[in-house]
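The structure appears right after this line, and notes come after that.
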Amino acid sequence: MGLKKMFSKSHKMEAIPIVDKAPEKYDTYEWTLSDEYAAIAAKVLHENESVRTQSLAQMREWIAKDPYIVSCRTDAAFLMRFLRVKKFNVPAACAQLTKYLVNRQLYPAWYTRLDVDDPLIVKLLLDGFFIPLPDRDSRGRQIVIYRFQNLDPAKYTSTDVFRLQELCFQTMFDDEESQICGYVCVFDYSGMTMQHVAMFSLVDFRNFCSLVRKSVPIRITSILVLNMPAFLHAFYEITMSILQQKLRERFQMFKNLEDFRKEVDIEMFPVEYGGKLKIKSIMQDFQRRMHAKREKILALDEMCIDIPKDMKGEWYQQDSNGNIEAGVIGSFRKLEVD
């Protein structure tokens, strides 16, 4: 079976959200993907059945004992997001989960009350600004397109954009194929104007990039930039200064559509790029997928973590690099000797 054919179908790991941080019984993880995915997971993430079992158990015990976490999902579908993105480094996965819970409460406008039935969300979704392609590429990756000419800056705000993105990714985050193989993000700046730039303040843009880098459980393996206008270079430089070196190296710039087509399997793309798919159909299909996960996504708002007013709780103490991992890993070491 060819890779493209194998990766064109998606197997979902559906589990009911569990917001009790210490339930009497945890759900049992069951591997449902093909041997090809198992081989990729083993090579890229150092994953196998023993590693999964031990890591899930350790992370669940850490959540149960953490004094600041009030409520949190502990189902395998949720925790595997963090374990896989950190290649089963459990302390690092716990640190990222902590940041994720904190940021959900620090930035509620971006993270909470995400409802696919929100009329504004529906309109922005169907406009085709954020386009998740239905098929995977030859490496099994999920491709998403940011198509700025489909974003009306007179109708929407940066908060609308951030909320739509979060809702769309929450719809996809439980996909084990994407957890293992990662994502390709295509930023198509064709038709972008200064009105689009004015939508995003430098502070919000920087904060959002920082949140993605530090707390969002997503493996971005490639970033393809198409037709970037000259006036956007300042934002580009800010992005490069925030991102880690390994992520900066995953950027590819394309000045025209012809060069871009040589890099991707263009048949997977909408007709606007030379493919066979219609954006309207893509978005309508994805809207139905979002509806199927509506209650699950809304239930994320039930998660809670206590944030000390002075932001100096043990888990939030910064190390010399300005990170909060030190406190989290210290707590995890305490857990190991209990």
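Identifiers in this document derive from the order of the structure tokens: chains are assigned A, B, ..., residues are numbered from 1 separately in each chain, and ligands are numbered from 1 in order of occurrence.
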
| request: Assign secondary structure with DSSP using the backbone only, and return the residues of region 126-220 of chain A in strand (DSSP E) as number ranges by chain. | output: A: 130-132, 142-147, 183-188, 220

Counting only C-alpha atoms, which residues of region 103-196 of chain A sit at most 12 Å from some atom of region 92-98 of chain A, and what is each one's closest atom pair with its distance in Å to one decimal, listed by chain and rising residue number, as CSV?
residue,atom,partner,partner_atom,distance
A:Asn103,CA,A:Thr98,CA,8.6
A:Arg104,CA,A:Thr98,CA,10.0
A:Gln105,CA,A:Thr98,CA,11.2

| If we count only C-alpha atoms, what is near region 107-118 of chain A at a cut-off of 10 Å, once residues fewer than 3 positions away on the same chain are taken out, given as number ranges by chain? | A: 100, 102-104, 121-123, 125, 158-168, 170, 207-208, 211, 287-295, 297-302

Keeping N, CA, C and O atoms, export the residues of the selection given above as a short mmCIF file (atom, residue, chain, number, x, y, z; two decimals), in the first residue's frame.
data_model
loop_
_atom_site.label_atom_id
_atom_site.label_comp_id
_atom_site.auth_asym_id
_atom_site.auth_seq_id
_atom_site.Cartn_x
_atom_site.Cartn_y
_atom_site.Cartn_z
N TYR A 100 -0.20 25.09 29.36
CA TYR A 100 -1.44 25.09 28.60
C TYR A 100 -2.62 25.46 29.49
O TYR A 100 -3.45 26.30 29.12
N VAL A 102 -2.55 27.06 32.35
CA VAL A 102 -2.38 28.45 32.78
C VAL A 102 -2.82 29.42 31.69
O VAL A 102 -3.58 30.37 31.93
N ASN A 103 -2.36 29.17 30.47
CA ASN A 103 -2.65 30.10 29.38
C ASN A 103 -4.13 30.11 29.01
O ASN A 103 -4.65 31.15 28.56
N ARG A 104 -4.81 29.00 29.21
CA ARG A 104 -6.25 28.99 28.96
C ARG A 104 -6.95 29.99 29.87
O ARG A 104 -7.96 30.59 29.48
N ILE A 121 -18.11 32.55 14.22
CA ILE A 121 -17.16 31.48 13.95
C ILE A 121 -17.54 30.75 12.67
O ILE A 121 -16.69 30.45 11.82
N VAL A 122 -18.82 30.45 12.53
CA VAL A 122 -19.31 29.73 11.35
C VAL A 122 -19.01 30.52 10.09
O VAL A 122 -18.53 29.96 9.08
N LYS A 123 -19.28 31.82 10.11
CA LYS A 123 -19.06 32.65 8.93
C LYS A 123 -17.58 32.69 8.56
O LYS A 123 -17.23 32.52 7.38
N LEU A 125 -15.30 30.54 9.36
CA LEU A 125 -14.91 29.19 8.93
C LEU A 125 -15.25 28.96 7.47
O LEU A 125 -14.41 28.54 6.67
N SER A 158 -8.55 40.20 15.30
CA SER A 158 -7.51 39.20 15.56
C SER A 158 -8.02 38.14 16.53
O SER A 158 -7.68 36.95 16.41
N THR A 159 -8.85 38.53 17.49
CA THR A 159 -9.42 37.56 18.43
C THR A 159 -10.28 36.54 17.70
O THR A 159 -10.24 35.34 18.01
N ASP A 160 -11.05 36.99 16.71
CA ASP A 160 -11.86 36.06 15.91
C ASP A 160 -10.96 35.04 15.22
O ASP A 160 -11.27 33.85 15.18
N VAL A 161 -9.85 35.52 14.68
CA VAL A 161 -8.92 34.64 13.97
C VAL A 161 -8.30 33.63 14.93
O VAL A 161 -8.24 32.42 14.64
N PHE A 162 -7.84 34.09 16.10
CA PHE A 162 -7.23 33.19 17.07
C PHE A 162 -8.22 32.16 17.57
O PHE A 162 -7.88 30.99 17.78
N ARG A 163 -9.47 32.58 17.78
CA ARG A 163 -10.49 31.65 18.27
C ARG A 163 -10.81 30.59 17.22
O ARG A 163 -10.96 29.41 17.55
N LEU A 164 -10.93 31.00 15.98
CA LEU A 164 -11.20 30.02 14.93
C LEU A 164 -10.06 29.01 14.83
O LEU A 164 -10.30 27.81 14.72
N GLN A 165 -8.84 29.51 14.86
CA GLN A 165 -7.70 28.60 14.76
C GLN A 165 -7.71 27.60 15.91
O GLN A 165 -7.51 26.39 15.70
N GLU A 166 -7.95 28.08 17.13
CA GLU A 166 -7.96 27.18 18.29
C GLU A 166 -9.07 26.15 18.16
O GLU A 166 -8.87 24.97 18.46
N LEU A 167 -10.24 26.57 17.72
CA LEU A 167 -11.35 25.64 17.57
C LEU A 167 -11.04 24.59 16.51
O LEU A 167 -11.34 23.40 16.70
N CYS A 168 -10.45 25.01 15.41
CA CYS A 168 -10.12 24.05 14.35
C CYS A 168 -9.06 23.06 14.82
O CYS A 168 -9.19 21.85 14.57
N GLN A 170 -8.40 22.20 17.92
CA GLN A 170 -8.99 21.32 18.92
C GLN A 170 -9.78 20.19 18.26
O GLN A 170 -9.87 19.09 18.79
N ASN A 207 2.52 37.58 21.74
CA ASN A 207 1.97 36.69 22.76
C ASN A 207 1.46 35.40 22.15
O ASN A 207 1.68 34.31 22.69
N PHE A 208 0.79 35.53 21.01
CA PHE A 208 0.24 34.34 20.38
C PHE A 208 1.35 33.40 19.91
O PHE A 208 1.28 32.18 20.10
N LEU A 211 2.71 31.61 22.87
CA LEU A 211 1.81 30.57 23.37
C LEU A 211 1.92 29.32 22.52
O LEU A 211 1.96 28.20 23.05
N GLN A 287 -16.86 21.49 8.95
CA GLN A 287 -17.87 22.00 9.89
C GLN A 287 -18.65 20.85 10.52
O GLN A 287 -18.92 20.85 11.72
N ARG A 288 -18.99 19.84 9.72
CA ARG A 288 -19.68 18.67 10.26
C ARG A 288 -18.80 17.93 11.25
O ARG A 288 -19.27 17.43 12.28
N ARG A 289 -17.52 17.86 10.95
CA ARG A 289 -16.58 17.22 11.88
C ARG A 289 -16.49 17.99 13.19
O ARG A 289 -16.42 17.40 14.27
N MET A 290 -16.50 19.30 13.11
CA MET A 290 -16.46 20.12 14.31
C MET A 290 -17.71 19.92 15.15
O MET A 290 -17.64 19.86 16.38
N HIS A 291 -18.85 19.80 14.50
CA HIS A 291 -20.10 19.57 15.22
C HIS A 291 -20.04 18.26 16.01
O HIS A 291 -20.57 18.19 17.13
N ALA A 292 -19.42 17.26 15.44
CA ALA A 292 -19.33 15.96 16.11
C ALA A 292 -18.51 16.06 17.40
O ALA A 292 -18.68 15.25 18.32
N LYS A 293 -17.65 17.08 17.50
CA LYS A 293 -16.80 17.23 18.68
C LYS A 293 -17.19 18.44 19.53
O LYS A 293 -16.45 18.85 20.43
N ARG A 294 -18.34 19.02 19.25
CA ARG A 294 -18.75 20.25 19.92
C ARG A 294 -18.73 20.13 21.43
O ARG A 294 -18.12 20.95 22.14
N GLU A 295 -19.40 19.12 21.99
CA GLU A 295 -19.48 18.98 23.44
C GLU A 295 -18.12 18.70 24.06
O GLU A 295 -17.80 19.17 25.15
N ILE A 297 -15.21 19.72 22.96
CA ILE A 297 -14.40 20.94 22.98
C ILE A 297 -14.90 21.91 24.04
O ILE A 297 -14.11 22.52 24.78
N LEU A 298 -16.20 22.06 24.16
CA LEU A 298 -16.76 22.95 25.19
C LEU A 298 -16.40 22.47 26.59
O LEU A 298 -16.22 23.28 27.51
N ALA A 299 -16.27 21.16 26.76
CA ALA A 299 -15.94 20.60 28.07
C ALA A 299 -14.53 20.97 28.52
O ALA A 299 -14.21 20.87 29.71
N LEU A 300 -13.69 21.42 27.60
CA LEU A 300 -12.35 21.86 27.99
C LEU A 300 -12.41 23.01 28.98
O LEU A 300 -11.49 23.20 29.78
N ASP A 301 -13.49 23.79 28.95
CA ASP A 301 -13.63 24.93 29.86
C ASP A 301 -13.79 24.50 31.31
O ASP A 301 -13.67 25.32 32.22
N GLU A 302 -14.07 23.22 31.54
CA GLU A 302 -14.21 22.72 32.91
C GLU A 302 -12.85 22.49 33.57
O GLU A 302 -12.77 22.32 34.78
#

| said: So that I can see what lies close to region 273-276 of chain A, please list as a ChimeraX atom specification the residues with an atom at most 8 Å from it, counting only C-alpha atoms and leaving out residues fewer than 6 positions away in the same chain. | reply: /A:257,261,266-267

| task | Go through A:Tyr26, A:Tyr183, A:Tyr68, A:Phe286 and flag the residue nearest Ile307 (chain A), using only C-alpha atoms for the distances. | result | A:Tyr68

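We find CA of Pro132 (chain A) and CA of Ser241 (chain A) to be spaced 27.0 Å apart.
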
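Around Val70 (chain A), within 12 Å and counting only C-alpha atoms, the residues found are Val19, Asp20, Lys21, Ala22, Ile63, Ala64, Thr98, Leu101, Val102, Glu302, Met303, Cys304, Ile305, Asp306 and Ile307 of chain A, once anything fewer than 6 positions away on its own chain is removed.
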
Any chance you can output those residues with all heavy atoms as a compact mmCIF listing (two decimals), in the first residue's frame?
# COMPACT_ATOMS: atom_id res chain seq x y z
N VAL A 19 -12.66 15.42 33.24
CA VAL A 19 -12.10 16.61 33.89
C VAL A 19 -11.76 16.35 35.35
O VAL A 19 -11.17 17.20 36.01
CB VAL A 19 -13.08 17.81 33.77
CG1 VAL A 19 -13.22 18.22 32.33
CG2 VAL A 19 -14.43 17.47 34.37
N ASP A 20 -12.12 15.19 35.87
CA ASP A 20 -11.72 14.81 37.22
C ASP A 20 -10.23 14.47 37.19
O ASP A 20 -9.80 13.58 36.47
CB ASP A 20 -12.53 13.58 37.67
CG ASP A 20 -12.21 13.17 39.10
OD1 ASP A 20 -11.29 13.76 39.70
OD2 ASP A 20 -12.86 12.24 39.59
N LYS A 21 -9.43 15.21 37.96
CA LYS A 21 -7.99 15.00 37.90
C LYS A 21 -7.55 13.67 38.50
O LYS A 21 -6.43 13.21 38.22
CB LYS A 21 -7.26 16.14 38.63
CG LYS A 21 -7.58 16.24 40.13
CD LYS A 21 -6.76 17.33 40.79
CE LYS A 21 -5.34 16.88 41.04
NZ LYS A 21 -4.54 17.89 41.75
N ALA A 22 -8.40 13.04 39.28
CA ALA A 22 -8.04 11.75 39.90
C ALA A 22 -9.24 10.81 39.89
O ALA A 22 -9.80 10.49 40.93
CB ALA A 22 -7.53 11.97 41.32
N ILE A 63 -0.56 14.48 37.65
CA ILE A 63 -1.74 15.35 37.65
C ILE A 63 -2.52 15.19 38.95
O ILE A 63 -2.96 16.17 39.57
CB ILE A 63 -2.65 15.04 36.44
CG1 ILE A 63 -1.96 15.45 35.14
CG2 ILE A 63 -4.00 15.75 36.57
CD1 ILE A 63 -2.69 14.99 33.89
N ALA A 64 -2.71 13.95 39.38
CA ALA A 64 -3.48 13.68 40.60
C ALA A 64 -2.84 14.32 41.82
O ALA A 64 -3.54 14.77 42.74
CB ALA A 64 -3.62 12.18 40.80
N THR A 98 1.01 22.12 32.08
CA THR A 98 0.83 23.18 33.06
C THR A 98 0.69 24.53 32.38
O THR A 98 -0.20 25.32 32.69
CB THR A 98 2.01 23.21 34.04
OG1 THR A 98 2.09 21.96 34.73
CG2 THR A 98 1.86 24.33 35.06
N LEU A 101 -2.72 24.85 30.67
CA LEU A 101 -3.81 25.14 31.59
C LEU A 101 -3.75 26.59 32.06
O LEU A 101 -4.78 27.27 32.17
CB LEU A 101 -3.75 24.20 32.79
CG LEU A 101 -4.00 22.70 32.48
CD1 LEU A 101 -3.79 21.87 33.75
CD2 LEU A 101 -5.39 22.48 31.92
N VAL A 102 -2.55 27.06 32.35
CA VAL A 102 -2.38 28.45 32.78
C VAL A 102 -2.82 29.42 31.69
O VAL A 102 -3.58 30.37 31.93
CB VAL A 102 -0.92 28.72 33.18
CG1 VAL A 102 -0.68 30.23 33.37
CG2 VAL A 102 -0.56 27.97 34.46
N GLU A 302 -14.07 23.22 31.54
CA GLU A 302 -14.21 22.72 32.91
C GLU A 302 -12.85 22.49 33.57
O GLU A 302 -12.77 22.32 34.78
CB GLU A 302 -15.01 21.42 32.91
CG GLU A 302 -16.43 21.58 32.39
CD GLU A 302 -17.17 20.25 32.32
OE1 GLU A 302 -16.82 19.35 33.11
OE2 GLU A 302 -18.07 20.10 31.48
N MET A 303 -11.78 22.49 32.78
CA MET A 303 -10.45 22.32 33.37
C MET A 303 -10.05 23.59 34.09
O MET A 303 -10.40 24.70 33.67
CB MET A 303 -9.43 21.97 32.29
CG MET A 303 -9.70 20.65 31.59
SD MET A 303 -8.31 20.05 30.60
CE MET A 303 -8.15 21.38 29.41
N CYS A 304 -9.30 23.42 35.17
CA CYS A 304 -8.95 24.59 36.00
C CYS A 304 -7.63 24.35 36.72
O CYS A 304 -7.33 23.23 37.15
CB CYS A 304 -10.06 24.85 37.01
SG CYS A 304 -9.75 26.25 38.12
N ILE A 305 -6.86 25.41 36.84
CA ILE A 305 -5.63 25.36 37.62
C ILE A 305 -5.56 26.62 38.47
O ILE A 305 -5.94 27.71 38.02
CB ILE A 305 -4.39 25.24 36.71
CG1 ILE A 305 -3.11 25.02 37.52
CG2 ILE A 305 -4.24 26.46 35.81
CD1 ILE A 305 -1.90 24.64 36.67
N ASP A 306 -5.13 26.51 39.71
CA ASP A 306 -4.97 27.67 40.59
C ASP A 306 -3.68 28.40 40.21
O ASP A 306 -2.60 27.80 40.19
CB ASP A 306 -4.90 27.24 42.05
CG ASP A 306 -6.26 26.89 42.61
OD1 ASP A 306 -7.26 27.41 42.09
OD2 ASP A 306 -6.34 26.08 43.56
N ILE A 307 -3.79 29.68 39.93
CA ILE A 307 -2.62 30.49 39.59
C ILE A 307 -2.38 31.47 40.73
O ILE A 307 -3.20 32.36 40.96
CB ILE A 307 -2.84 31.26 38.28
CG1 ILE A 307 -3.23 30.31 37.15
CG2 ILE A 307 -1.57 32.02 37.91
CD1 ILE A 307 -3.54 31.02 35.85

| request: Using backbone DSSP assignments, extract all alpha helix (DSSP H) residues from region 50-207 of chain A; output them as a PyMOL selection string. | output: chain A and resi 50-65+76-85+90-106+108-111+119-127+158-172+176-181+194-199+202-207
